[in-house]
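What's in query.pdb: PDB, C-alpha atoms
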ATOM      1  CA  ARG K  24       0.000   0.000   0.000
ATOM      2  CA  GLN K  25       2.776   2.433   0.884
ATOM      3  CA  LYS K  26       4.579   1.638  -2.355
ATOM      4  CA  VAL K  27       1.446   2.342  -4.403
ATOM      5  CA  ILE K  28       0.855   5.663  -2.683
ATOM      6  CA  LEU K  29       4.496   6.679  -3.143
ATOM      7  CA  ASN K  30       4.322   5.841  -6.853
ATOM      8  CA  GLN K  31       1.197   7.971  -7.225
ATOM      9  CA  ARG K  32       2.714  10.971  -5.445
ATOM     10  CA  LEU K  33       6.206  10.893  -6.899
ATOM     11  CA  LYS K  34       6.984  11.652 -10.507
ATOM     12  CA  VAL K  35       9.150   8.791 -11.780
ATOM     13  CA  PRO K  36      11.250   9.354 -14.917
ATOM     14  CA  PRO K  37      10.130   7.207 -17.862
ATOM     15  CA  ALA K  38      13.543   5.527 -18.111
ATOM     16  CA  ILE K  39      13.001   4.073 -14.626
ATOM     17  CA  ALA K  40       9.221   3.607 -14.824
ATOM     18  CA  GLN K  41       9.548   1.121 -17.698
ATOM     19  CA  PHE K  42      10.865  -1.491 -15.255
ATOM     20  CA  SER K  43       7.740  -1.403 -13.085
ATOM     21  CA  HIS K  44       5.625  -3.093 -15.792
ATOM     22  CA  THR K  45       7.462  -6.225 -16.912
ATOM     23  CA  LEU K  46       6.204  -8.941 -19.249
ATOM     24  CA  ASP K  47       4.680 -12.114 -17.921
ATOM     25  CA  LYS K  48       6.572 -15.360 -18.505
ATOM     26  CA  ASN K  49       4.457 -16.522 -21.458
ATOM     27  CA  THR K  50       4.787 -13.243 -23.371
ATOM     28  CA  ALA K  51       8.502 -13.041 -22.601
ATOM     29  CA  THR K  52       9.012 -16.564 -23.974
ATOM     30  CA  GLN K  53       7.206 -15.646 -27.198
ATOM     31  CA  LEU K  54       9.281 -12.475 -27.529
ATOM     32  CA  PHE K  55      12.573 -14.288 -27.041
ATOM     33  CA  LYS K  56      11.607 -16.941 -29.605
ATOM     34  CA  LEU K  57      10.841 -14.190 -32.111
ATOM     35  CA  LEU K  58      14.057 -12.295 -31.398
ATOM     36  CA  ASN K  59      16.073 -15.505 -31.674
ATOM     37  CA  LYS K  60      15.151 -15.686 -35.368
ATOM     38  CA  TYR K  61      16.784 -12.279 -35.971
ATOM     39  CA  ARG K  62      19.953 -12.958 -33.965
ATOM     40  CA  PRO K  63      23.185 -12.108 -35.816
ATOM     41  CA  GLU K  64      25.001 -15.102 -37.231
ATOM     42  CA  SER K  65      27.900 -16.638 -35.315
ATOM     43  CA  LYS K  66      31.414 -17.039 -36.695
ATOM     44  CA  GLU K  67      30.764 -20.700 -37.511
ATOM     45  CA  GLU K  68      27.518 -19.926 -39.352
ATOM     46  CA  LYS K  69      29.213 -17.154 -41.327
ATOM     47  CA  LYS K  70      32.107 -19.415 -42.264
ATOM     48  CA  SER K  71      29.816 -22.219 -43.458
ATOM     49  CA  ARG K  72      27.669 -19.751 -45.439
ATOM     50  CA  LEU K  73      30.706 -18.243 -47.174
ATOM     51  CA  GLU K  74      32.147 -21.680 -47.940
ATOM     52  CA  ALA K  75      28.835 -22.758 -49.478
ATOM     53  CA  ALA K  76      28.720 -19.610 -51.615
ATOM     54  CA  ALA K  77      32.329 -20.098 -52.711
ATOM     55  CA  SER K  78      31.729 -23.729 -53.672
ATOM     56  CA  ALA K  79      28.629 -22.696 -55.642
ATOM     57  CA  VAL K  80      30.705 -20.156 -57.570
ATOM     58  CA  ALA K  81      33.390 -22.788 -58.189
ATOM     59  CA  GLU K  82      30.761 -25.234 -59.511
ATOM     60  CA  ASN K  83      29.435 -22.639 -61.940
ATOM     61  CA  LYS K  84      32.916 -21.915 -63.305
ATOM     62  CA  ASP K  85      33.598 -25.643 -63.745
ATOM     63  CA  ALA K  86      30.312 -26.115 -65.600
ATOM     64  CA  LYS K  87      31.175 -23.453 -68.196
TER      65      LYS K  87
END
Show the structure stored in the file as structure tokens.
Amino acid sequence: RQKVILNQRLKVPPAIAQFSHTLDKNTATQLFKLLNKYRPESKEEKKSRLEAAASAVAENKDAK
């Protein structure tokens, strides 16, 4: 009760107030699954992607 009254009477800066309303576990899980799809690629993924592209270019040159 005291915390609620203090929050009503005090002006809290928006940068701090954003942490008073957090997501519930279900919504947070959905958000993290979505963000995981847009995660930057790791060094291993980049290396394998570049090797695949290079081998595709090499195959095209051999075919001609």
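CA of Lys26 (chain K) to CA of Ala38 (chain K) spans 18.5 Å [interatomic distance, one decimal].
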Separation of CA of Ile28 (chain K) from CA of Phe42 (chain K), in Å and rounded to one decimal: 17.6 Å
One-decimal distance in Å that lies between CA of Lys70 (chain K) and CA of Asn83 (chain K):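 So the answer is 20.1 Å.
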